[in-house]
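**Student:** Sending over structure-v4.pdb (PDB, N, CA, C and O atoms).
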```
ATOM      1  N   MET A  28      61.037 112.952 177.292
ATOM      2  CA  MET A  28      60.820 111.686 177.952
ATOM      3  C   MET A  28      61.896 111.491 179.021
ATOM      4  O   MET A  28      63.058 111.755 178.785
ATOM      5  N   GLU A  29      61.485 111.034 180.168
ATOM      6  CA  GLU A  29      62.419 110.756 181.250
ATOM      7  C   GLU A  29      62.492 109.260 181.491
ATOM      8  O   GLU A  29      61.479 108.559 181.443
ATOM      9  N   LEU A  30      63.685 108.769 181.741
ATOM     10  CA  LEU A  30      63.888 107.360 182.038
ATOM     11  C   LEU A  30      64.231 107.204 183.511
ATOM     12  O   LEU A  30      65.080 107.927 184.023
ATOM     13  N   PRO A  31      63.605 106.251 184.195
ATOM     14  CA  PRO A  31      63.880 106.057 185.622
ATOM     15  C   PRO A  31      65.156 105.248 185.832
ATOM     16  O   PRO A  31      65.131 104.102 186.275
ATOM     17  N   VAL A  32      66.286 105.830 185.523
ATOM     18  CA  VAL A  32      67.550 105.104 185.539
ATOM     19  C   VAL A  32      67.929 104.665 186.952
ATOM     20  O   VAL A  32      68.196 103.492 187.191
ATOM     21  N   ARG A  33      67.962 105.571 187.893
ATOM     22  CA  ARG A  33      68.400 105.203 189.253
ATOM     23  C   ARG A  33      67.515 104.114 189.856
ATOM     24  O   ARG A  33      68.028 103.112 190.351
ATOM     25  N   PRO A  34      66.177 104.226 189.847
ATOM     26  CA  PRO A  34      65.362 103.153 190.421
ATOM     27  C   PRO A  34      65.492 101.821 189.663
ATOM     28  O   PRO A  34      65.186 100.760 190.196
ATOM     29  N   SER A  35      65.962 101.877 188.436
ATOM     30  CA  SER A  35      66.106 100.662 187.639
ATOM     31  C   SER A  35      67.386  99.897 187.942
ATOM     32  O   SER A  35      67.559  98.768 187.477
ATOM     33  N   MET A  36      68.283 100.485 188.709
ATOM     34  CA  MET A  36      69.560  99.828 188.977
ATOM     35  C   MET A  36      69.409  98.603 189.866
ATOM     36  O   MET A  36      70.098  97.605 189.667
ATOM     37  N   VAL A  37      68.523  98.629 190.817
ATOM     38  CA  VAL A  37      68.372  97.519 191.757
ATOM     39  C   VAL A  37      67.686  96.303 191.133
ATOM     40  O   VAL A  37      68.143  95.189 191.313
ATOM     41  N   PRO A  38      66.613  96.467 190.359
ATOM     42  CA  PRO A  38      65.917  95.280 189.852
ATOM     43  C   PRO A  38      66.527  94.662 188.589
ATOM     44  O   PRO A  38      65.850  93.953 187.857
ATOM     45  N   ASN A  39      67.795  94.935 188.312
ATOM     46  CA  ASN A  39      68.490  94.279 187.204
ATOM     47  C   ASN A  39      68.004  94.742 185.841
ATOM     48  O   ASN A  39      67.919  93.967 184.905
ATOM     49  N   VAL A  40      67.669  95.998 185.723
ATOM     50  CA  VAL A  40      67.284  96.566 184.434
ATOM     51  C   VAL A  40      68.530  97.137 183.789
ATOM     52  O   VAL A  40      69.378  97.728 184.451
ATOM     53  N   ARG A  41      68.651  96.966 182.506
ATOM     54  CA  ARG A  41      69.821  97.479 181.802
ATOM     55  C   ARG A  41      69.392  98.507 180.770
ATOM     56  O   ARG A  41      68.527  98.237 179.949
ATOM     57  N   TRP A  42      70.017  99.654 180.819
ATOM     58  CA  TRP A  42      69.792 100.705 179.827
ATOM     59  C   TRP A  42      71.077 100.850 179.036
ATOM     60  O   TRP A  42      72.150 100.916 179.599
ATOM     61  N   GLN A  43      70.968 100.905 177.734
ATOM     62  CA  GLN A  43      72.132 101.145 176.894
ATOM     63  C   GLN A  43      71.860 102.388 176.070
ATOM     64  O   GLN A  43      70.787 102.530 175.496
ATOM     65  N   PHE A  44      72.825 103.261 176.030
ATOM     66  CA  PHE A  44      72.644 104.524 175.324
ATOM     67  C   PHE A  44      73.769 104.740 174.318
ATOM     68  O   PHE A  44      74.884 104.272 174.519
ATOM     69  N   VAL A  45      73.442 105.445 173.296
ATOM     70  CA  VAL A  45      74.433 105.980 172.380
ATOM     71  C   VAL A  45      74.215 107.486 172.410
ATOM     72  O   VAL A  45      73.150 107.975 172.039
ATOM     73  N   LEU A  46      75.198 108.171 172.921
ATOM     74  CA  LEU A  46      75.054 109.623 173.077
ATOM     75  C   LEU A  46      75.495 110.328 171.802
ATOM     76  O   LEU A  46      76.637 110.213 171.382
ATOM     77  N   VAL A  47      74.564 111.034 171.207
ATOM     78  CA  VAL A  47      74.889 111.798 170.009
ATOM     79  C   VAL A  47      74.554 113.274 170.168
ATOM     80  O   VAL A  47      74.833 114.063 169.286
ATOM     81  N   TYR A  48      73.985 113.639 171.309
ATOM     82  CA  TYR A  48      73.548 115.023 171.468
ATOM     83  C   TYR A  48      74.693 116.017 171.489
ATOM     84  O   TYR A  48      74.505 117.184 171.183
ATOM     85  N   ASN A  49      75.887 115.567 171.856
ATOM     86  CA  ASN A  49      77.002 116.509 171.870
ATOM     87  C   ASN A  49      77.857 116.420 170.613
ATOM     88  O   ASN A  49      78.851 117.106 170.489
ATOM     89  N   ALA A  50      77.459 115.595 169.670
ATOM     90  CA  ALA A  50      78.159 115.514 168.388
ATOM     91  C   ALA A  50      77.699 116.681 167.507
ATOM     92  O   ALA A  50      76.591 117.189 167.674
ATOM     93  N   PRO A  51      78.543 117.108 166.603
ATOM     94  CA  PRO A  51      78.094 118.156 165.681
ATOM     95  C   PRO A  51      76.810 117.735 164.968
ATOM     96  O   PRO A  51      76.622 116.563 164.627
ATOM     97  N   HIS A  52      75.921 118.677 164.786
ATOM     98  CA  HIS A  52      74.597 118.385 164.217
ATOM     99  C   HIS A  52      74.679 117.578 162.925
ATOM    100  O   HIS A  52      73.923 116.633 162.721
ATOM    101  N   GLU A  53      75.612 117.921 162.062
ATOM    102  CA  GLU A  53      75.706 117.233 160.765
ATOM    103  C   GLU A  53      76.187 115.791 160.905
ATOM    104  O   GLU A  53      76.056 115.000 159.976
ATOM    105  N   TRP A  54      76.709 115.407 162.042
ATOM    106  CA  TRP A  54      77.173 114.027 162.261
ATOM    107  C   TRP A  54      76.084 113.123 162.834
ATOM    108  O   TRP A  54      76.190 111.909 162.759
ATOM    109  N   ARG A  55      75.067 113.697 163.449
ATOM    110  CA  ARG A  55      74.097 112.901 164.215
ATOM    111  C   ARG A  55      73.383 111.850 163.391
ATOM    112  O   ARG A  55      73.295 110.691 163.798
ATOM    113  N   ALA A  56      72.841 112.231 162.257
ATOM    114  CA  ALA A  56      72.109 111.267 161.430
ATOM    115  C   ALA A  56      73.021 110.120 161.012
ATOM    116  O   ALA A  56      72.635 108.946 161.060
ATOM    117  N   ARG A  57      74.242 110.443 160.647
ATOM    118  CA  ARG A  57      75.202 109.406 160.240
ATOM    119  C   ARG A  57      75.545 108.499 161.419
ATOM    120  O   ARG A  57      75.656 107.292 161.271
ATOM    121  N   ALA A  58      75.705 109.077 162.601
ATOM    122  CA  ALA A  58      76.018 108.279 163.794
ATOM    123  C   ALA A  58      74.894 107.291 164.082
ATOM    124  O   ALA A  58      75.146 106.110 164.353
ATOM    125  N   LEU A  59      73.657 107.753 164.004
ATOM    126  CA  LEU A  59      72.519 106.859 164.247
ATOM    127  C   LEU A  59      72.438 105.773 163.186
ATOM    128  O   LEU A  59      72.149 104.614 163.493
ATOM    129  N   GLU A  60      72.695 106.109 161.946
ATOM    130  CA  GLU A  60      72.711 105.103 160.878
ATOM    131  C   GLU A  60      73.799 104.070 161.126
ATOM    132  O   GLU A  60      73.577 102.865 160.951
ATOM    133  N   ASP A  61      74.970 104.519 161.533
ATOM    134  CA  ASP A  61      76.092 103.605 161.779
ATOM    135  C   ASP A  61      75.794 102.657 162.936
ATOM    136  O   ASP A  61      76.111 101.471 162.872
ATOM    137  N   VAL A  62      75.194 103.175 163.999
ATOM    138  CA  VAL A  62      74.839 102.311 165.135
ATOM    139  C   VAL A  62      73.802 101.284 164.701
ATOM    140  O   VAL A  62      73.917 100.092 165.009
ATOM    141  N   GLY A  63      72.797 101.723 163.974
ATOM    142  CA  GLY A  63      71.782 100.789 163.474
ATOM    143  C   GLY A  63      72.388  99.712 162.587
ATOM    144  O   GLY A  63      72.056  98.529 162.697
ATOM    145  N   ALA A  64      73.294 100.096 161.723
ATOM    146  CA  ALA A  64      73.965  99.129 160.842
ATOM    147  C   ALA A  64      74.803  98.144 161.648
ATOM    148  O   ALA A  64      74.828  96.947 161.349
ATOM    149  N   ALA A  65      75.471  98.626 162.686
ATOM    150  CA  ALA A  65      76.283  97.740 163.531
ATOM    151  C   ALA A  65      75.404  96.707 164.220
ATOM    152  O   ALA A  65      75.757  95.526 164.302
ATOM    153  N   VAL A  66      74.250  97.133 164.700
ATOM    154  CA  VAL A  66      73.326  96.188 165.336
ATOM    155  C   VAL A  66      72.863  95.147 164.318
ATOM    156  O   VAL A  66      72.870  93.948 164.587
ATOM    157  N   LEU A  67      72.478  95.598 163.147
ATOM    158  CA  LEU A  67      72.019  94.668 162.102
ATOM    159  C   LEU A  67      73.119  93.722 161.644
ATOM    160  O   LEU A  67      72.855  92.582 161.275
ATOM    161  N   ASP A  68      74.365  94.179 161.678
ATOM    162  CA  ASP A  68      75.497  93.342 161.271
ATOM    163  C   ASP A  68      75.957  92.377 162.359
ATOM    164  O   ASP A  68      76.884  91.600 162.153
ATOM    165  N   GLY A  69      75.334  92.460 163.539
ATOM    166  CA  GLY A  69      75.688  91.544 164.608
ATOM    167  C   GLY A  69      76.810  92.005 165.516
ATOM    168  O   GLY A  69      77.340  91.215 166.290
ATOM    169  N   ALA A  70      77.189  93.268 165.444
ATOM    170  CA  ALA A  70      78.260  93.766 166.302
ATOM    171  C   ALA A  70      77.835  93.804 167.766
ATOM    172  O   ALA A  70      78.660  93.704 168.659
ATOM    173  N   VAL A  71      76.545  93.955 168.008
ATOM    174  CA  VAL A  71      76.003  93.894 169.359
ATOM    175  C   VAL A  71      75.412  92.503 169.517
ATOM    176  O   VAL A  71      74.371  92.196 168.970
ATOM    177  N   ARG A  72      76.125  91.667 170.234
ATOM    178  CA  ARG A  72      75.744  90.263 170.305
ATOM    179  C   ARG A  72      75.021  89.949 171.607
ATOM    180  O   ARG A  72      75.433  90.378 172.670
ATOM    181  N   VAL A  73      73.953  89.187 171.477
ATOM    182  CA  VAL A  73      73.228  88.635 172.614
ATOM    183  C   VAL A  73      72.799  87.229 172.237
ATOM    184  O   VAL A  73      72.945  86.809 171.098
ATOM    185  N   GLY A  74      72.280  86.523 173.191
ATOM    186  CA  GLY A  74      71.816  85.161 172.929
ATOM    187  C   GLY A  74      72.809  84.136 173.440
ATOM    188  O   GLY A  74      73.864  84.462 173.982
ATOM    189  N   ASP A  75      72.458  82.887 173.290
ATOM    190  CA  ASP A  75      73.278  81.790 173.804
ATOM    191  C   ASP A  75      74.717  81.845 173.294
ATOM    192  O   ASP A  75      75.658  81.633 174.053
ATOM    193  N   GLU A  76      74.902  82.147 172.006
ATOM    194  CA  GLU A  76      76.246  82.154 171.426
ATOM    195  C   GLU A  76      77.129  83.265 171.989
ATOM    196  O   GLU A  76      78.346  83.201 171.908
ATOM    197  N   ALA A  77      76.520  84.273 172.591
ATOM    198  CA  ALA A  77      77.275  85.368 173.191
ATOM    199  C   ALA A  77      77.357  85.242 174.713
ATOM    200  O   ALA A  77      77.874  86.117 175.379
ATOM    201  N   GLY A  78      76.844  84.123 175.250
ATOM    202  CA  GLY A  78      76.863  83.933 176.689
ATOM    203  C   GLY A  78      75.772  84.693 177.422
ATOM    204  O   GLY A  78      75.794  84.810 178.637
ATOM    205  N   LEU A  79      74.817  85.214 176.672
ATOM    206  CA  LEU A  79      73.692  85.937 177.259
ATOM    207  C   LEU A  79      72.385  85.346 176.753
ATOM    208  O   LEU A  79      71.755  85.888 175.850
ATOM    209  N   PRO A  80      71.974  84.203 177.314
ATOM    210  CA  PRO A  80      70.707  83.620 176.866
ATOM    211  C   PRO A  80      69.556  84.601 177.064
ATOM    212  O   PRO A  80      69.553  85.379 178.016
ATOM    213  N   LEU A  81      68.612  84.571 176.163
ATOM    214  CA  LEU A  81      67.441  85.435 176.236
ATOM    215  C   LEU A  81      66.260  84.613 176.727
ATOM    216  O   LEU A  81      65.959  83.557 176.165
ATOM    217  N   HIS A  82      65.598  85.095 177.759
ATOM    218  CA  HIS A  82      64.434  84.425 178.335
ATOM    219  C   HIS A  82      63.229  85.334 178.108
ATOM    220  O   HIS A  82      63.114  86.382 178.734
ATOM    221  N   HIS A  83      62.358  84.924 177.192
ATOM    222  CA  HIS A  83      61.186  85.731 176.836
ATOM    223  C   HIS A  83      59.977  85.294 177.646
ATOM    224  O   HIS A  83      59.724  84.103 177.800
ATOM    225  N   TYR A  84      59.239  86.280 178.129
ATOM    226  CA  TYR A  84      57.985  86.041 178.837
ATOM    227  C   TYR A  84      56.928  86.957 178.243
ATOM    228  O   TYR A  84      57.199  88.140 178.003
ATOM    229  N   PRO A  85      55.719  86.439 178.023
ATOM    230  CA  PRO A  85      54.651  87.347 177.598
ATOM    231  C   PRO A  85      54.262  88.252 178.772
ATOM    232  O   PRO A  85      54.518  87.926 179.935
ATOM    233  N   LEU A  86      53.648  89.365 178.463
ATOM    234  CA  LEU A  86      53.274  90.332 179.490
ATOM    235  C   LEU A  86      52.453  89.677 180.599
ATOM    236  O   LEU A  86      52.613  90.008 181.769
ATOM    237  N   GLU A  87      51.618  88.728 180.243
ATOM    238  CA  GLU A  87      50.765  88.056 181.226
ATOM    239  C   GLU A  87      51.579  87.263 182.246
ATOM    240  O   GLU A  87      51.070  86.892 183.298
ATOM    241  N   GLN A  88      52.843  86.972 181.934
ATOM    242  CA  GLN A  88      53.702  86.215 182.843
ATOM    243  C   GLN A  88      54.803  87.096 183.435
ATOM    244  O   GLN A  88      55.887  86.633 183.764
ATOM    245  N   ALA A  89      54.499  88.371 183.612
ATOM    246  CA  ALA A  89      55.482  89.304 184.160
ATOM    247  C   ALA A  89      55.947  88.877 185.547
ATOM    248  O   ALA A  89      57.123  89.034 185.889
ATOM    249  N   ALA A  90      55.064  88.310 186.339
ATOM    250  CA  ALA A  90      55.458  87.857 187.683
ATOM    251  C   ALA A  90      56.487  86.735 187.578
ATOM    252  O   ALA A  90      57.455  86.690 188.351
ATOM    253  N   ALA A  91      56.321  85.831 186.627
ATOM    254  CA  ALA A  91      57.293  84.745 186.432
ATOM    255  C   ALA A  91      58.632  85.301 185.961
ATOM    256  O   ALA A  91      59.694  84.809 186.370
ATOM    257  N   ALA A  92      58.606  86.320 185.116
ATOM    258  CA  ALA A  92      59.849  86.957 184.662
ATOM    259  C   ALA A  92      60.568  87.600 185.843
ATOM    260  O   ALA A  92      61.782  87.464 185.995
ATOM    261  N   HIS A  93      59.820  88.263 186.688
ATOM    262  CA  HIS A  93      60.403  88.893 187.874
ATOM    263  C   HIS A  93      61.005  87.832 188.798
ATOM    264  O   HIS A  93      62.114  88.001 189.317
ATOM    265  N   ALA A  94      60.299  86.724 188.965
ATOM    266  CA  ALA A  94      60.809  85.632 189.806
ATOM    267  C   ALA A  94      62.106  85.071 189.229
ATOM    268  O   ALA A  94      63.035  84.742 189.971
ATOM    269  N   ALA A  95      62.189  84.959 187.912
ATOM    270  CA  ALA A  95      63.413  84.458 187.273
ATOM    271  C   ALA A  95      64.598  85.356 187.597
ATOM    272  O   ALA A  95      65.694  84.874 187.899
ATOM    273  N   VAL A  96      64.383  86.669 187.561
ATOM    274  CA  VAL A  96      65.454  87.610 187.899
ATOM    275  C   VAL A  96      65.849  87.446 189.361
ATOM    276  O   VAL A  96      67.034  87.385 189.694
ATOM    277  N   GLU A  97      64.846  87.363 190.238
ATOM    278  CA  GLU A  97      65.138  87.206 191.667
ATOM    279  C   GLU A  97      65.907  85.916 191.960
ATOM    280  O   GLU A  97      66.712  85.867 192.885
ATOM    281  N   GLN A  98      65.660  84.890 191.160
ATOM    282  CA  GLN A  98      66.331  83.601 191.358
ATOM    283  C   GLN A  98      67.707  83.553 190.689
ATOM    284  O   GLN A  98      68.382  82.544 190.739
ATOM    285  N   GLY A  99      68.103  84.646 190.040
ATOM    286  CA  GLY A  99      69.439  84.730 189.473
ATOM    287  C   GLY A  99      69.621  84.042 188.139
ATOM    288  O   GLY A  99      70.709  83.571 187.824
ATOM    289  N   VAL A 100      68.576  84.002 187.324
ATOM    290  CA  VAL A 100      68.697  83.385 186.008
ATOM    291  C   VAL A 100      69.849  84.040 185.240
ATOM    292  O   VAL A 100      70.072  85.242 185.343
ATOM    293  N   VAL A 101      70.596  83.245 184.509
ATOM    294  CA  VAL A 101      71.710  83.751 183.712
ATOM    295  C   VAL A 101      71.175  84.216 182.369
ATOM    296  O   VAL A 101      70.476  83.478 181.682
ATOM    297  N   GLY A 102      71.498  85.429 181.999
ATOM    298  CA  GLY A 102      71.065  85.965 180.723
ATOM    299  C   GLY A 102      70.153  87.155 180.910
ATOM    300  O   GLY A 102      70.120  87.783 181.965
ATOM    301  N   LYS A 103      69.402  87.438 179.883
ATOM    302  CA  LYS A 103      68.503  88.581 179.885
ATOM    303  C   LYS A 103      67.066  88.097 179.933
ATOM    304  O   LYS A 103      66.658  87.232 179.161
ATOM    305  N   VAL A 104      66.305  88.662 180.848
ATOM    306  CA  VAL A 104      64.877  88.366 180.955
ATOM    307  C   VAL A 104      64.130  89.479 180.234
ATOM    308  O   VAL A 104      64.297  90.655 180.556
ATOM    309  N   LEU A 105      63.349  89.089 179.253
ATOM    310  CA  LEU A 105      62.634  90.057 178.430
ATOM    311  C   LEU A 105      61.136  89.823 178.553
ATOM    312  O   LEU A 105      60.677  88.687 178.507
ATOM    313  N   ILE A 106      60.395  90.893 178.705
ATOM    314  CA  ILE A 106      58.936  90.802 178.726
ATOM    315  C   ILE A 106      58.440  91.343 177.401
ATOM    316  O   ILE A 106      58.678  92.501 177.045
ATOM    317  N   ASP A 107      57.778  90.478 176.656
ATOM    318  CA  ASP A 107      57.238  90.858 175.356
ATOM    319  C   ASP A 107      55.878  91.522 175.576
ATOM    320  O   ASP A 107      54.945  90.870 176.051
ATOM    321  N   VAL A 108      55.785  92.784 175.248
ATOM    322  CA  VAL A 108      54.542  93.517 175.480
ATOM    323  C   VAL A 108      53.635  93.500 174.263
ATOM    324  O   VAL A 108      52.458  93.831 174.374
ATOM    325  N   LEU A 109      54.154  93.126 173.118
ATOM    326  CA  LEU A 109      53.348  93.009 171.906
ATOM    327  C   LEU A 109      53.345  91.556 171.453
ATOM    328  O   LEU A 109      54.377  90.884 171.522
ATOM    329  N   PRO A 110      52.215  91.066 170.962
ATOM    330  CA  PRO A 110      52.194  89.682 170.460
ATOM    331  C   PRO A 110      53.045  89.548 169.208
ATOM    332  O   PRO A 110      53.269  90.529 168.489
ATOM    333  N   ASP A 111      53.523  88.344 168.952
ATOM    334  CA  ASP A 111      54.348  88.093 167.745
ATOM    335  C   ASP A 111      53.565  88.345 166.482
ATOM    336  O   ASP A 111      52.428  88.190 166.353
TER     337      ASP A 111
END
```
Can I see the file as structure tokens?

**Tutor:**
Amino acid sequence: MELPVRPSMVPNVRWQFVLVYNAPHEWRARALEDVGAAVLDGAVRVGDEAGLPLHHYPLEQAAAAHAAVEQGVVGKVLIDVLPD
């Protein structure tokens, strides 16, 4: 799978990676488990309390989400592609 990282830099897209490919093979599964646990424990914080409000838009309102980014909305604009 290829990710369009360079073209994503201008429209305010954020990619976050955890690189484990260069870790010893026997460490990889543990590294992924540890990262997952950290996320579940709240070590990766988002939302109003972290100063990064989340703005959700359904896929049908993708144009409104794009407009919010263009207007400089503070926080993260998320497009929900699956219904709740």

**Student:** Could you pull out all residues of chain A with a DSSP call of helix (DSSP H, G or I) and give them as an MDAnalysis selection string?

**Tutor:** chainID A and resid 32:35 52:67 75:77 86:97

**Student:** Mind writing the picked residues with N, CA, C and O atoms as a short mmCIF file (atom, residue, chain, number, x, y, z; two decimals), keeping the file's coordinate frame?

**Tutor:**
```cif
data_model
loop_
_atom_site.label_atom_id
_atom_site.label_comp_id
_atom_site.auth_asym_id
_atom_site.auth_seq_id
_atom_site.Cartn_x
_atom_site.Cartn_y
_atom_site.Cartn_z
N VAL A 32 66.29 105.83 185.52
CA VAL A 32 67.55 105.10 185.54
C VAL A 32 67.93 104.66 186.95
O VAL A 32 68.20 103.49 187.19
N ARG A 33 67.96 105.57 187.89
CA ARG A 33 68.40 105.20 189.25
C ARG A 33 67.52 104.11 189.86
O ARG A 33 68.03 103.11 190.35
N PRO A 34 66.18 104.23 189.85
CA PRO A 34 65.36 103.15 190.42
C PRO A 34 65.49 101.82 189.66
O PRO A 34 65.19 100.76 190.20
N SER A 35 65.96 101.88 188.44
CA SER A 35 66.11 100.66 187.64
C SER A 35 67.39 99.90 187.94
O SER A 35 67.56 98.77 187.48
N HIS A 52 75.92 118.68 164.79
CA HIS A 52 74.60 118.38 164.22
C HIS A 52 74.68 117.58 162.93
O HIS A 52 73.92 116.63 162.72
N GLU A 53 75.61 117.92 162.06
CA GLU A 53 75.71 117.23 160.76
C GLU A 53 76.19 115.79 160.90
O GLU A 53 76.06 115.00 159.98
N TRP A 54 76.71 115.41 162.04
CA TRP A 54 77.17 114.03 162.26
C TRP A 54 76.08 113.12 162.83
O TRP A 54 76.19 111.91 162.76
N ARG A 55 75.07 113.70 163.45
CA ARG A 55 74.10 112.90 164.22
C ARG A 55 73.38 111.85 163.39
O ARG A 55 73.30 110.69 163.80
N ALA A 56 72.84 112.23 162.26
CA ALA A 56 72.11 111.27 161.43
C ALA A 56 73.02 110.12 161.01
O ALA A 56 72.64 108.95 161.06
N ARG A 57 74.24 110.44 160.65
CA ARG A 57 75.20 109.41 160.24
C ARG A 57 75.54 108.50 161.42
O ARG A 57 75.66 107.29 161.27
N ALA A 58 75.70 109.08 162.60
CA ALA A 58 76.02 108.28 163.79
C ALA A 58 74.89 107.29 164.08
O ALA A 58 75.15 106.11 164.35
N LEU A 59 73.66 107.75 164.00
CA LEU A 59 72.52 106.86 164.25
C LEU A 59 72.44 105.77 163.19
O LEU A 59 72.15 104.61 163.49
N GLU A 60 72.69 106.11 161.95
CA GLU A 60 72.71 105.10 160.88
C GLU A 60 73.80 104.07 161.13
O GLU A 60 73.58 102.86 160.95
N ASP A 61 74.97 104.52 161.53
CA ASP A 61 76.09 103.60 161.78
C ASP A 61 75.79 102.66 162.94
O ASP A 61 76.11 101.47 162.87
N VAL A 62 75.19 103.18 164.00
CA VAL A 62 74.84 102.31 165.14
C VAL A 62 73.80 101.28 164.70
O VAL A 62 73.92 100.09 165.01
N GLY A 63 72.80 101.72 163.97
CA GLY A 63 71.78 100.79 163.47
C GLY A 63 72.39 99.71 162.59
O GLY A 63 72.06 98.53 162.70
N ALA A 64 73.29 100.10 161.72
CA ALA A 64 73.96 99.13 160.84
C ALA A 64 74.80 98.14 161.65
O ALA A 64 74.83 96.95 161.35
N ALA A 65 75.47 98.63 162.69
CA ALA A 65 76.28 97.74 163.53
C ALA A 65 75.40 96.71 164.22
O ALA A 65 75.76 95.53 164.30
N VAL A 66 74.25 97.13 164.70
CA VAL A 66 73.33 96.19 165.34
C VAL A 66 72.86 95.15 164.32
O VAL A 66 72.87 93.95 164.59
N LEU A 67 72.48 95.60 163.15
CA LEU A 67 72.02 94.67 162.10
C LEU A 67 73.12 93.72 161.64
O LEU A 67 72.86 92.58 161.28
N ASP A 75 72.46 82.89 173.29
CA ASP A 75 73.28 81.79 173.80
C ASP A 75 74.72 81.84 173.29
O ASP A 75 75.66 81.63 174.05
N GLU A 76 74.90 82.15 172.01
CA GLU A 76 76.25 82.15 171.43
C GLU A 76 77.13 83.26 171.99
O GLU A 76 78.35 83.20 171.91
N ALA A 77 76.52 84.27 172.59
CA ALA A 77 77.28 85.37 173.19
C ALA A 77 77.36 85.24 174.71
O ALA A 77 77.87 86.12 175.38
N LEU A 86 53.65 89.36 178.46
CA LEU A 86 53.27 90.33 179.49
C LEU A 86 52.45 89.68 180.60
O LEU A 86 52.61 90.01 181.77
N GLU A 87 51.62 88.73 180.24
CA GLU A 87 50.76 88.06 181.23
C GLU A 87 51.58 87.26 182.25
O GLU A 87 51.07 86.89 183.30
N GLN A 88 52.84 86.97 181.93
CA GLN A 88 53.70 86.22 182.84
C GLN A 88 54.80 87.10 183.44
O GLN A 88 55.89 86.63 183.76
N ALA A 89 54.50 88.37 183.61
CA ALA A 89 55.48 89.30 184.16
C ALA A 89 55.95 88.88 185.55
O ALA A 89 57.12 89.03 185.89
N ALA A 90 55.06 88.31 186.34
CA ALA A 90 55.46 87.86 187.68
C ALA A 90 56.49 86.74 187.58
O ALA A 90 57.46 86.69 188.35
N ALA A 91 56.32 85.83 186.63
CA ALA A 91 57.29 84.74 186.43
C ALA A 91 58.63 85.30 185.96
O ALA A 91 59.69 84.81 186.37
N ALA A 92 58.61 86.32 185.12
CA ALA A 92 59.85 86.96 184.66
C ALA A 92 60.57 87.60 185.84
O ALA A 92 61.78 87.46 186.00
N HIS A 93 59.82 88.26 186.69
CA HIS A 93 60.40 88.89 187.87
C HIS A 93 61.00 87.83 188.80
O HIS A 93 62.11 88.00 189.32
N ALA A 94 60.30 86.72 188.96
CA ALA A 94 60.81 85.63 189.81
C ALA A 94 62.11 85.07 189.23
O ALA A 94 63.04 84.74 189.97
N ALA A 95 62.19 84.96 187.91
CA ALA A 95 63.41 84.46 187.27
C ALA A 95 64.60 85.36 187.60
O ALA A 95 65.69 84.87 187.90
N VAL A 96 64.38 86.67 187.56
CA VAL A 96 65.45 87.61 187.90
C VAL A 96 65.85 87.45 189.36
O VAL A 96 67.03 87.38 189.69
N GLU A 97 64.85 87.36 190.24
CA GLU A 97 65.14 87.21 191.67
C GLU A 97 65.91 85.92 191.96
O GLU A 97 66.71 85.87 192.88
#
```

**Student:** I'd like the neighbourhood of stretch 60-70 of chain A as a list in words, where a residue qualifies if any of its atoms comes within 12 Å (using only C-alpha atoms), though same-chain residues fewer than 4 positions away should be ignored.

**Tutor:**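 Neighbouring residues, sequence-local ones excluded: Phe44, Val45, Leu46, Val47, Trp54, Arg55, Ala56, Gly74, Glu76 and Ala77 of chain A.
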
**Student:** Once the PyMOL selection byres (((chain A and resi 95 and name CA) around 12) and name CA) has been evaluated on this model, what residues remain selected, and can you format them as a PyMOL selection string?

**Tutor:** chain A and resi 38-39+81-84+88-94+96-106

**Student:** Could you give me the axis-aligned bounding box of stretch 62-75 of chain A, with 8 Å of padding per side, as centre plus edge lengths in Å to one decimal, as lines of an AutoDock Vina configuration file?

**Tutor:**
```
center_x = 75.2
center_y = 92.4
center_z = 167.4
size_x = 22.9
size_y = 37.5
size_z = 29.2
```

**Student:** What is the distance, in Å and to one decimal place, between atom O of A:Met36 and atom CA of A:Asn49?

**Tutor:**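 One can read the atom O of A:Met36 to atom CA of A:Asn49 distance as 26.9 Å.
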
**Student:** Out of stretch 39-105 of chain A, which residues get strand (DSSP E or B) from DSSP, as a list in words?

**Tutor:** Gly74, Leu79, Leu81, His82, His83, Tyr84, Pro85, Lys103, Val104 and Leu105 of chain A

**Student:** Using the chain letters and numbers from the file, give me the residues hit by the PyMOL selection byres ((chain A and resi 108) around 8), as a list of chain:residue names.

**Tutor:** A:Tyr84, A:Pro85, A:Leu86, A:Glu87, A:Leu105, A:Ile106, A:Asp107, A:Leu109, A:Pro110, A:Asp111

**Student:** Which value, in Å to one decimal, gives the distance between atom CA of A:Leu30 and atom C of A:Tyr48?

**Tutor:**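 Taking atom CA of A:Leu30 as the start and atom C of A:Tyr48 as the end point, the length is 17.4 Å.
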
**Student:** Any idea what the distance is between atom CA of A:Asp75 and atom N of A:Val37?

**Tutor:**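 Result for atom CA of A:Asp75 versus atom N of A:Val37: 24.4 Å, one decimal.
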